[in-house]
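**Q** Take a look at the following structure, please.
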Amino acid sequence: MKLSKLLLIALSISLFASCSSDNDDNDTDEPKGQYENGFFILNEGSSGQGTVSFSSNDFSVFAKDAYIAANPNDKIGKFVQNIFFDGDKAYIIAGGSNVINVVNRYTFKLIAKIETGLANPRYGVVKDGKAYVTNANTYYNFEKPEENPNGNTDDYVAVINLATNTLESKIELNATANRVILEDGKLYITEPLNSNKLLVVDIATKKLETSVEIGYSSDCIEEENGILYILRGPYQQRSEIVKVKLSDKSVSKITFPESLDGASLMDIEDNKIYYTVNSAVYTMALNATAPSTTAIVTSEAGYLYGFAVNDNRIYIADGNFKADGKAYIYNLSGELLKTLTTGVGSNGFYFND
(Lines give C-alpha, C1' and ligand atoms only; values in the text may rest on other atoms or scores of the structure.)
Protein backbone atom coordinates (compact mmCIF):
# COMPACT_ATOMS: atom_id res chain seq x y z
CA MET A 1 0.00 0.00 0.00
CA LYS A 2 1.15 3.55 -0.63
CA LEU A 3 1.64 5.62 2.49
CA SER A 4 1.98 9.07 3.78
CA LYS A 5 2.61 9.46 7.46
CA LEU A 6 -0.35 11.72 7.82
CA LEU A 7 -3.47 10.08 9.12
CA LEU A 8 -4.17 6.67 7.67
CA ILE A 9 -6.27 8.31 5.03
CA ALA A 10 -7.78 6.17 2.33
CA LEU A 11 -5.54 5.34 -0.56
CA SER A 12 -2.46 6.96 0.90
CA ILE A 13 -1.40 3.63 2.29
CA SER A 14 3.12 2.53 -1.72
CA LEU A 15 4.71 3.76 -4.33
CA PHE A 16 5.62 -0.86 -7.45
CA ALA A 17 5.71 -1.20 -7.76
CA SER A 18 5.71 0.23 -7.63
CA CYS A 19 7.89 1.66 -9.82
CA SER A 20 9.17 -1.58 -11.22
CA SER A 21 10.74 -4.92 -10.39
CA ASP A 22 13.03 -7.18 -12.38
CA ASN A 23 12.96 -10.95 -12.37
CA ASP A 24 15.80 -13.26 -11.39
CA ASP A 25 17.50 -15.21 -14.18
CA ASN A 26 16.76 -18.91 -14.60
CA ASP A 27 18.73 -21.09 -16.98
CA THR A 28 16.67 -24.23 -17.44
CA ASP A 29 14.24 -24.51 -20.35
CA GLU A 30 11.96 -27.04 -18.69
CA PRO A 31 8.54 -25.70 -17.66
CA LYS A 32 8.42 -24.84 -13.98
CA GLY A 33 4.75 -24.02 -13.53
CA GLN A 34 1.77 -22.23 -14.96
CA TYR A 35 3.02 -18.77 -13.93
CA GLU A 36 6.24 -18.89 -15.91
CA ASN A 37 6.96 -16.54 -18.83
CA GLY A 38 4.65 -13.76 -17.78
CA PHE A 39 4.11 -11.00 -15.28
CA PHE A 40 2.32 -10.49 -12.00
CA ILE A 41 0.14 -7.48 -11.24
CA LEU A 42 -0.07 -6.64 -7.57
CA ASN A 43 -3.46 -5.43 -6.40
CA GLU A 44 -3.23 -3.66 -3.07
CA GLY A 45 -6.85 -3.99 -2.08
CA SER A 46 -8.67 -1.52 0.14
CA SER A 47 -10.44 -2.68 3.29
CA GLY A 48 -10.41 -6.30 2.16
CA GLN A 49 -7.74 -8.75 1.04
CA GLY A 50 -5.28 -7.90 -1.69
CA THR A 51 -4.82 -10.06 -4.79
CA VAL A 52 -2.18 -10.94 -7.36
CA SER A 53 -3.12 -11.20 -11.03
CA PHE A 54 -1.03 -12.96 -13.68
CA SER A 55 -0.75 -12.68 -17.45
CA SER A 56 1.47 -14.61 -19.80
CA ASN A 57 3.67 -12.47 -22.02
CA ASP A 58 1.54 -13.28 -25.06
CA PHE A 59 -1.67 -12.56 -23.07
CA SER A 60 -3.06 -16.02 -23.85
CA VAL A 61 -3.15 -16.99 -20.15
CA PHE A 62 -4.66 -14.74 -17.50
CA ALA A 63 -5.53 -15.34 -13.85
CA LYS A 64 -7.27 -12.52 -12.04
CA ASP A 65 -6.32 -13.93 -8.62
CA ALA A 66 -3.39 -16.30 -8.95
CA TYR A 67 -2.86 -16.58 -5.20
CA ILE A 68 -6.35 -17.81 -4.38
CA ALA A 69 -6.30 -20.10 -7.42
CA ALA A 70 -3.21 -21.80 -6.00
CA ASN A 71 -4.18 -21.50 -2.31
CA PRO A 72 -8.00 -21.54 -2.08
CA ASN A 73 -8.04 -21.98 1.70
CA ASP A 74 -5.63 -19.19 2.57
CA LYS A 75 -5.72 -15.39 2.73
CA ILE A 76 -2.92 -13.28 1.31
CA GLY A 77 -3.52 -10.35 3.67
CA LYS A 78 -4.45 -6.70 3.45
CA PHE A 79 -2.68 -3.93 1.56
CA VAL A 80 -0.48 -6.11 -0.64
CA GLN A 81 2.50 -3.90 -1.26
CA ASN A 82 5.47 -5.54 -2.93
CA ILE A 83 6.89 -8.78 -4.33
CA PHE A 84 10.57 -9.67 -4.28
CA PHE A 85 12.20 -12.82 -5.61
CA ASP A 86 14.94 -15.19 -4.54
CA GLY A 87 15.62 -18.21 -6.74
CA ASP A 88 12.36 -20.07 -7.30
CA LYS A 89 10.60 -18.30 -4.43
CA ALA A 90 8.50 -15.14 -4.41
CA TYR A 91 7.92 -13.14 -1.25
CA ILE A 92 4.63 -11.22 -1.19
CA ILE A 93 4.44 -8.42 1.38
CA ALA A 94 0.98 -7.69 2.84
CA GLY A 95 1.70 -4.60 4.93
CA GLY A 96 -1.78 -4.29 6.41
CA SER A 97 -1.54 -7.79 7.88
CA ASN A 98 2.15 -7.71 8.87
CA VAL A 99 2.87 -10.85 6.88
CA ILE A 100 5.13 -11.97 4.06
CA ASN A 101 3.74 -14.90 2.07
CA VAL A 102 6.46 -17.18 0.70
CA VAL A 103 5.34 -18.98 -2.46
CA ASN A 104 6.84 -20.88 -5.36
CA ARG A 105 7.13 -18.19 -8.02
CA TYR A 106 6.02 -20.53 -10.81
CA THR A 107 3.14 -22.38 -9.15
CA PHE A 108 2.26 -19.78 -6.49
CA LYS A 109 1.76 -22.58 -3.97
CA LEU A 110 2.24 -21.34 -0.42
CA ILE A 111 5.46 -22.49 1.22
CA ALA A 112 5.53 -20.49 4.46
CA LYS A 113 4.43 -17.27 6.13
CA ILE A 114 6.74 -14.82 7.86
CA GLU A 115 4.64 -13.25 10.60
CA THR A 116 6.98 -12.04 13.35
CA GLY A 117 9.16 -8.96 13.55
CA LEU A 118 7.12 -6.99 11.03
CA ALA A 119 5.32 -3.69 11.56
CA ASN A 120 3.76 -2.27 8.38
CA PRO A 121 6.35 -3.89 6.05
CA ARG A 122 6.87 -2.10 2.75
CA TYR A 123 9.61 -3.27 0.35
CA GLY A 124 12.24 -6.00 0.34
CA VAL A 125 15.52 -7.05 -1.27
CA VAL A 126 17.63 -10.21 -0.94
CA LYS A 127 21.34 -10.84 -0.50
CA ASP A 128 23.13 -14.07 0.47
CA GLY A 129 20.16 -15.84 2.03
CA LYS A 130 18.82 -12.84 3.91
CA ALA A 131 15.94 -10.50 3.13
CA TYR A 132 16.06 -6.84 4.09
CA VAL A 133 12.56 -5.42 4.47
CA THR A 134 11.70 -1.82 5.26
CA ASN A 135 9.05 -1.38 7.96
CA ALA A 136 7.04 1.82 8.38
CA ASN A 137 6.24 0.83 11.99
CA THR A 138 3.85 3.37 13.54
CA TYR A 139 2.42 6.31 11.63
CA TYR A 140 2.89 9.93 12.56
CA ASN A 141 -0.30 11.96 12.87
CA PHE A 142 0.39 15.55 11.85
CA GLU A 143 -2.96 16.73 13.19
CA LYS A 144 -2.46 15.03 16.56
CA PRO A 145 1.32 14.60 16.98
CA GLU A 146 0.91 13.78 20.67
CA GLU A 147 -0.68 10.46 19.67
CA ASN A 148 2.60 9.15 18.30
CA PRO A 149 5.53 11.56 18.56
CA ASN A 150 7.97 8.89 17.31
CA GLY A 151 6.07 8.09 14.12
CA ASN A 152 8.63 9.84 11.93
CA THR A 153 11.66 8.16 13.46
CA ASP A 154 10.75 4.59 14.43
CA ASP A 155 11.05 2.87 11.04
CA TYR A 156 13.47 -0.02 10.71
CA VAL A 157 14.80 -2.70 8.40
CA ALA A 158 13.88 -6.27 9.33
CA VAL A 159 16.68 -8.73 8.54
CA ILE A 160 15.10 -12.10 7.80
CA ASN A 161 16.91 -15.43 7.56
CA LEU A 162 15.39 -17.05 4.46
CA ALA A 163 16.54 -20.53 5.43
CA THR A 164 14.25 -20.44 8.47
CA ASN A 165 11.89 -17.60 7.46
CA THR A 166 12.46 -15.94 10.81
CA LEU A 167 13.52 -12.50 11.96
CA GLU A 168 17.24 -12.38 12.63
CA SER A 169 17.63 -8.76 13.70
CA LYS A 170 16.40 -5.21 13.21
CA ILE A 171 18.31 -2.24 11.88
CA GLU A 172 16.91 0.86 13.57
CA LEU A 173 16.91 3.89 11.28
CA ASN A 174 15.81 6.79 13.50
CA ALA A 175 14.13 8.00 10.32
CA THR A 176 11.35 7.14 7.91
CA ALA A 177 11.75 4.48 5.24
CA ASN A 178 9.99 3.13 2.19
CA ARG A 179 11.58 1.96 -1.06
CA VAL A 180 14.87 0.12 -0.95
CA ILE A 181 17.50 -1.14 -3.36
CA LEU A 182 20.75 -2.95 -2.61
CA GLU A 183 24.06 -2.18 -4.30
CA ASP A 184 27.55 -3.31 -3.27
CA GLY A 185 26.54 -4.33 0.23
CA LYS A 186 24.63 -1.14 0.95
CA LEU A 187 20.90 -0.51 1.27
CA TYR A 188 19.69 2.76 -0.24
CA ILE A 189 16.33 3.78 1.19
CA THR A 190 13.93 6.56 0.22
CA GLU A 191 10.82 7.87 1.93
CA PRO A 192 8.24 9.72 -0.15
CA LEU A 193 6.94 12.42 2.16
CA ASN A 194 8.50 13.18 5.50
CA SER A 195 12.24 13.09 4.91
CA ASN A 196 14.68 14.90 2.63
CA LYS A 197 17.31 12.20 3.11
CA LEU A 198 18.50 9.15 1.23
CA LEU A 199 19.46 6.60 3.90
CA VAL A 200 22.55 4.44 3.40
CA VAL A 201 22.74 1.24 5.48
CA ASP A 202 25.74 -1.10 5.60
CA ILE A 203 24.41 -4.67 5.71
CA ALA A 204 27.71 -6.01 7.06
CA THR A 205 27.59 -3.84 10.18
CA LYS A 206 23.78 -3.61 10.18
CA LYS A 207 23.99 0.08 10.88
CA LEU A 208 22.90 3.30 9.28
CA GLU A 209 26.13 4.46 7.68
CA THR A 210 25.15 7.91 6.47
CA SER A 211 22.39 9.93 4.87
CA VAL A 212 22.45 12.10 1.77
CA GLU A 213 20.26 15.18 1.38
CA ILE A 214 18.21 14.78 -1.81
CA GLY A 215 14.99 16.70 -1.11
CA TYR A 216 11.50 15.87 0.09
CA SER A 217 9.04 13.57 -1.70
CA SER A 218 11.77 11.31 -3.06
CA ASP A 219 10.37 7.96 -4.00
CA CYS A 220 11.17 5.75 -7.01
CA ILE A 221 14.82 4.73 -7.08
CA GLU A 222 16.89 2.90 -9.71
CA GLU A 223 20.60 2.21 -10.20
CA GLU A 224 22.52 2.29 -13.48
CA ASN A 225 26.30 2.31 -13.98
CA GLY A 226 27.14 3.35 -10.44
CA ILE A 227 24.57 6.13 -10.25
CA LEU A 228 21.29 6.19 -8.33
CA TYR A 229 18.38 7.88 -10.10
CA ILE A 230 15.66 9.08 -7.72
CA LEU A 231 12.40 10.72 -8.76
CA ARG A 232 10.97 13.58 -6.72
CA GLY A 233 7.47 14.98 -7.17
CA PRO A 234 6.99 17.46 -4.32
CA TYR A 235 3.63 19.17 -3.94
CA GLN A 236 3.44 22.58 -5.66
CA GLN A 237 7.16 22.49 -6.44
CA ARG A 238 9.14 21.43 -9.47
CA SER A 239 9.67 17.72 -9.96
CA GLU A 240 13.23 16.46 -10.24
CA ILE A 241 15.40 13.49 -11.00
CA VAL A 242 18.15 13.39 -8.39
CA LYS A 243 21.36 11.57 -9.34
CA VAL A 244 23.60 10.25 -6.58
CA LYS A 245 27.03 8.94 -7.55
CA LEU A 246 27.70 5.85 -5.45
CA SER A 247 31.47 6.29 -5.33
CA ASP A 248 31.43 9.60 -3.49
CA LYS A 249 27.70 10.27 -2.77
CA SER A 250 27.84 13.49 -4.81
CA VAL A 251 24.45 14.82 -5.90
CA SER A 252 23.25 16.42 -9.13
CA LYS A 253 19.73 17.18 -10.27
CA ILE A 254 17.60 17.50 -13.40
CA THR A 255 14.77 19.89 -12.60
CA PHE A 256 11.56 19.52 -14.58
CA PRO A 257 9.56 22.47 -15.93
CA GLU A 258 6.27 23.47 -14.35
CA SER A 259 4.36 21.53 -17.03
CA LEU A 260 5.73 18.33 -15.50
CA ASP A 261 4.76 19.10 -11.90
CA GLY A 262 3.55 16.04 -10.04
CA ALA A 263 5.83 13.45 -11.62
CA SER A 264 5.08 10.25 -9.75
CA LEU A 265 6.64 7.04 -11.09
CA MET A 266 9.88 6.15 -12.88
CA ASP A 267 11.65 3.22 -14.49
CA ILE A 268 14.89 2.81 -16.44
CA GLU A 269 15.20 0.50 -19.43
CA ASP A 270 17.80 0.30 -22.22
CA ASN A 271 19.57 3.52 -21.23
CA LYS A 272 16.37 5.53 -21.13
CA ILE A 273 14.51 7.03 -18.19
CA TYR A 274 10.73 6.70 -18.32
CA TYR A 275 8.61 8.82 -16.01
CA THR A 276 4.93 9.56 -15.49
CA VAL A 277 2.96 12.73 -14.89
CA ASN A 278 -0.76 12.28 -14.28
CA SER A 279 -1.84 9.66 -16.87
CA ALA A 280 1.00 10.32 -19.34
CA VAL A 281 4.40 8.70 -19.88
CA TYR A 282 7.54 10.55 -20.99
CA THR A 283 11.07 9.40 -21.77
CA MET A 284 14.56 10.88 -21.90
CA ALA A 285 18.04 9.51 -22.51
CA LEU A 286 19.94 8.34 -19.46
CA ASN A 287 22.62 11.00 -20.06
CA ALA A 288 20.19 13.80 -20.92
CA THR A 289 20.51 17.08 -19.07
CA ALA A 290 16.89 18.16 -19.60
CA PRO A 291 13.63 16.21 -19.60
CA SER A 292 11.31 15.68 -22.52
CA THR A 293 7.94 17.41 -22.27
CA THR A 294 6.36 15.36 -25.07
CA ALA A 295 4.34 12.37 -23.90
CA ILE A 296 4.89 9.06 -25.67
CA VAL A 297 1.78 7.54 -24.08
CA THR A 298 -1.36 9.13 -22.69
CA SER A 299 -3.09 6.28 -20.95
CA GLU A 300 -6.72 5.64 -20.09
CA ALA A 301 -5.85 5.25 -16.42
CA GLY A 302 -7.93 7.44 -14.15
CA TYR A 303 -5.32 7.14 -11.40
CA LEU A 304 -1.93 5.93 -12.60
CA TYR A 305 -0.74 3.96 -9.58
CA GLY A 306 1.65 1.33 -10.96
CA PHE A 307 4.23 1.58 -13.73
CA ALA A 308 7.01 -0.43 -15.37
CA VAL A 309 8.92 -0.67 -18.64
CA ASN A 310 10.18 -4.09 -19.68
CA ASP A 311 11.20 -5.73 -22.96
CA ASN A 312 9.93 -2.90 -25.18
CA ARG A 313 6.60 -2.61 -23.41
CA ILE A 314 5.13 0.00 -21.10
CA TYR A 315 2.94 -1.27 -18.25
CA ILE A 316 0.45 1.00 -16.51
CA ALA A 317 -1.86 0.14 -13.61
CA ASP A 318 -5.04 2.04 -12.81
CA GLY A 319 -5.33 2.11 -9.03
CA ASN A 320 -9.11 2.05 -8.68
CA PHE A 321 -9.94 1.55 -5.00
CA LYS A 322 -13.71 1.26 -5.37
CA ALA A 323 -13.83 -1.50 -7.97
CA ASP A 324 -11.55 -3.73 -10.01
CA GLY A 325 -8.66 -1.87 -11.57
CA LYS A 326 -7.14 -2.27 -15.00
CA ALA A 327 -3.71 -2.81 -16.46
CA TYR A 328 -2.79 -1.26 -19.79
CA ILE A 329 0.11 -2.58 -21.83
CA TYR A 330 1.57 -0.46 -24.65
CA ASN A 331 4.48 -0.80 -27.04
CA LEU A 332 7.14 1.91 -27.05
CA SER A 333 5.36 3.67 -29.91
CA GLY A 334 2.34 4.22 -27.68
CA GLU A 335 0.11 1.59 -29.28
CA LEU A 336 -2.21 -0.13 -26.80
CA LEU A 337 -1.54 -3.87 -26.93
CA LYS A 338 -3.81 -5.17 -24.18
CA THR A 339 -6.16 -4.12 -21.41
CA LEU A 340 -6.58 -6.46 -18.45
CA THR A 341 -9.18 -6.29 -15.68
CA THR A 342 -7.25 -6.84 -12.46
CA GLY A 343 -8.15 -6.26 -8.81
CA VAL A 344 -8.69 -3.38 -6.42
CA GLY A 345 -5.81 -0.91 -6.14
CA SER A 346 -3.45 -2.28 -8.80
CA ASN A 347 -0.04 -0.90 -7.87
CA GLY A 348 2.82 -2.70 -9.60
CA PHE A 349 4.25 -5.19 -12.10
CA TYR A 350 6.71 -8.02 -11.46
CA PHE A 351 8.24 -10.02 -14.30
CA ASN A 352 8.62 -13.77 -14.05
CA ASP A 353 10.43 -15.00 -17.18
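By order in the C-alpha coordinates, chains are A, B, ...; within a chain, residues start at 1; ligands start at 1, following the order shown.
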Assign secondary structure with DSSP using the backbone only, and return the residues of range 28-221 of chain A in helix (DSSP H, G or I) as a list in words.

**A**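 Selecting the helix (DSSP H, G or I) positions of range 28-221 of chain A gives Ala66, Tyr67, Ile68, Ala69, Ala70, Gly95, Gly96, Ser97, Pro145, Glu146 and Glu147 of chain A.
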
**Q** The selected residues should be written to file as a PDB file, in the first residue's frame (atoms: all heavy atoms).

**A**
ATOM      1  N   ALA A  66      -4.248 -15.118  -8.896  1.00  0.00           N
ATOM      2  CA  ALA A  66      -3.387 -16.297  -8.951  1.00  0.00           C
ATOM      3  C   ALA A  66      -3.157 -16.898  -7.572  1.00  0.00           C
ATOM      4  O   ALA A  66      -3.022 -18.123  -7.430  1.00  0.00           O
ATOM      5  CB  ALA A  66      -2.047 -15.937  -9.596  1.00  0.00           C
ATOM      6  N   TYR A  67      -3.126 -16.061  -6.546  1.00  0.00           N
ATOM      7  CA  TYR A  67      -2.857 -16.582  -5.203  1.00  0.00           C
ATOM      8  C   TYR A  67      -3.986 -17.468  -4.713  1.00  0.00           C
ATOM      9  O   TYR A  67      -3.749 -18.587  -4.225  1.00  0.00           O
ATOM     10  CB  TYR A  67      -2.617 -15.429  -4.225  1.00  0.00           C
ATOM     11  CG  TYR A  67      -2.163 -15.911  -2.866  1.00  0.00           C
ATOM     12  CD1 TYR A  67      -0.817 -16.152  -2.615  1.00  0.00           C
ATOM     13  CD2 TYR A  67      -3.070 -16.143  -1.835  1.00  0.00           C
ATOM     14  CE1 TYR A  67      -0.393 -16.610  -1.381  1.00  0.00           C
ATOM     15  CE2 TYR A  67      -2.653 -16.590  -0.597  1.00  0.00           C
ATOM     16  CZ  TYR A  67      -1.311 -16.829  -0.372  1.00  0.00           C
ATOM     17  OH  TYR A  67      -0.890 -17.297   0.847  1.00  0.00           O
ATOM     18  N   ILE A  68      -5.221 -17.015  -4.842  1.00  0.00           N
ATOM     19  CA  ILE A  68      -6.350 -17.814  -4.381  1.00  0.00           C
ATOM     20  C   ILE A  68      -6.522 -19.050  -5.260  1.00  0.00           C
ATOM     21  O   ILE A  68      -6.898 -20.121  -4.765  1.00  0.00           O
ATOM     22  CB  ILE A  68      -7.635 -16.972  -4.363  1.00  0.00           C
ATOM     23  CG1 ILE A  68      -7.566 -15.963  -3.214  1.00  0.00           C
ATOM     24  CG2 ILE A  68      -8.873 -17.843  -4.212  1.00  0.00           C
ATOM     25  CD1 ILE A  68      -7.452 -16.573  -1.831  1.00  0.00           C
ATOM     26  N   ALA A  69      -6.214 -18.930  -6.544  1.00  0.00           N
ATOM     27  CA  ALA A  69      -6.302 -20.101  -7.419  1.00  0.00           C
ATOM     28  C   ALA A  69      -5.359 -21.201  -6.950  1.00  0.00           C
ATOM     29  O   ALA A  69      -5.694 -22.386  -7.003  1.00  0.00           O
ATOM     30  CB  ALA A  69      -5.979 -19.708  -8.863  1.00  0.00           C
ATOM     31  N   ALA A  70      -4.182 -20.805  -6.455  1.00  0.00           N
ATOM     32  CA  ALA A  70      -3.208 -21.795  -5.996  1.00  0.00           C
ATOM     33  C   ALA A  70      -3.414 -22.174  -4.534  1.00  0.00           C
ATOM     34  O   ALA A  70      -3.028 -23.277  -4.118  1.00  0.00           O
ATOM     35  CB  ALA A  70      -1.796 -21.250  -6.186  1.00  0.00           C
ATOM     36  N   GLY A  95       1.351  -5.511   3.843  1.00  0.00           N
ATOM     37  CA  GLY A  95       1.695  -4.603   4.927  1.00  0.00           C
ATOM     38  C   GLY A  95       0.592  -4.420   5.945  1.00  0.00           C
ATOM     39  O   GLY A  95       0.857  -4.222   7.130  1.00  0.00           O
ATOM     40  N   GLY A  96      -0.669  -4.483   5.490  1.00  0.00           N
ATOM     41  CA  GLY A  96      -1.776  -4.292   6.412  1.00  0.00           C
ATOM     42  C   GLY A  96      -2.007  -5.457   7.344  1.00  0.00           C
ATOM     43  O   GLY A  96      -2.714  -5.332   8.349  1.00  0.00           O
ATOM     44  N   SER A  97      -1.410  -6.597   7.041  1.00  0.00           N
ATOM     45  CA  SER A  97      -1.541  -7.788   7.884  1.00  0.00           C
ATOM     46  C   SER A  97      -0.221  -8.196   8.527  1.00  0.00           C
ATOM     47  O   SER A  97      -0.154  -9.233   9.193  1.00  0.00           O
ATOM     48  CB  SER A  97      -2.097  -8.959   7.056  1.00  0.00           C
ATOM     49  OG  SER A  97      -3.383  -8.660   6.583  1.00  0.00           O
ATOM     50  N   PRO A 145      -0.026  15.166  16.799  1.00  0.00           N
ATOM     51  CA  PRO A 145       1.316  14.596  16.980  1.00  0.00           C
ATOM     52  C   PRO A 145       1.536  13.961  18.334  1.00  0.00           C
ATOM     53  O   PRO A 145       2.393  13.094  18.493  1.00  0.00           O
ATOM     54  CB  PRO A 145       2.239  15.808  16.772  1.00  0.00           C
ATOM     55  CG  PRO A 145       1.386  17.001  17.025  1.00  0.00           C
ATOM     56  CD  PRO A 145       0.012  16.618  16.571  1.00  0.00           C
ATOM     57  N   GLU A 146       0.741  14.362  19.327  1.00  0.00           N
ATOM     58  CA  GLU A 146       0.912  13.778  20.665  1.00  0.00           C
ATOM     59  C   GLU A 146       0.521  12.299  20.686  1.00  0.00           C
ATOM     60  O   GLU A 146       0.928  11.567  21.600  1.00  0.00           O
ATOM     61  CB  GLU A 146       0.079  14.556  21.686  1.00  0.00           C
ATOM     62  CG  GLU A 146      -1.439  14.424  21.561  1.00  0.00           C
ATOM     63  CD  GLU A 146      -2.049  15.312  20.482  1.00  0.00           C
ATOM     64  OE1 GLU A 146      -1.276  16.051  19.824  1.00  0.00           O
ATOM     65  OE2 GLU A 146      -3.272  15.265  20.295  1.00  0.00           O
ATOM     66  N   GLU A 147      -0.253  11.854  19.685  1.00  0.00           N
ATOM     67  CA  GLU A 147      -0.678  10.455  19.671  1.00  0.00           C
ATOM     68  C   GLU A 147       0.466   9.513  19.345  1.00  0.00           C
ATOM     69  O   GLU A 147       0.469   8.360  19.738  1.00  0.00           O
ATOM     70  CB  GLU A 147      -1.817  10.263  18.668  1.00  0.00           C
ATOM     71  CG  GLU A 147      -3.116  10.919  19.099  1.00  0.00           C
ATOM     72  CD  GLU A 147      -4.261  10.581  18.177  1.00  0.00           C
ATOM     73  OE1 GLU A 147      -4.027   9.865  17.169  1.00  0.00           O
ATOM     74  OE2 GLU A 147      -5.397  11.017  18.441  1.00  0.00           O
TER      75      GLU A 147
END

**Q** Please tabulate, as a Markdown table, the residues of range 309-341 of chain A that come within 12 Å of range 29-39 of chain A, each with its closest pair of atoms and the distance in Å to one decimal, counting only C-alpha atoms and ordering rows by chain, then residue number upward.

**A**
| residue | atom | partner | partner_atom | distance |
| --- | --- | --- | --- | --- |
| A:Val309 | CA | A:Phe39 | CA | 11.9 |
| A:Asn310 | CA | A:Phe39 | CA | 10.2 |
| A:Asp311 | CA | A:Gly38 | CA | 11.6 |
| A:Arg313 | CA | A:Phe39 | CA | 11.9 |
| A:Tyr315 | CA | A:Phe39 | CA | 10.2 |
| A:Ala327 | CA | A:Phe39 | CA | 11.4 |
| A:Ile329 | CA | A:Phe39 | CA | 11.4 |

**Q** Between CA of Lys78 in chain A and CA of Asn120 in chain A, measure the distance and give it in Å to one decimal.

**A**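 These two atoms are separated by 10.6 Å.
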
**Q** May I ask for the distance between CA of Leu42 in chain A and CA of Gly345 in chain A, given in Å to one decimal place?

**A**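 Between CA of Leu42 in chain A and CA of Gly345 in chain A the gap is 8.2 Å.
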
**Q** Which value, in Å to one decimal, gives the distance between CA of Ser217 in chain A and CA of Arg238 in chain A?

**A**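 Those two atoms sit 11.1 Å apart.
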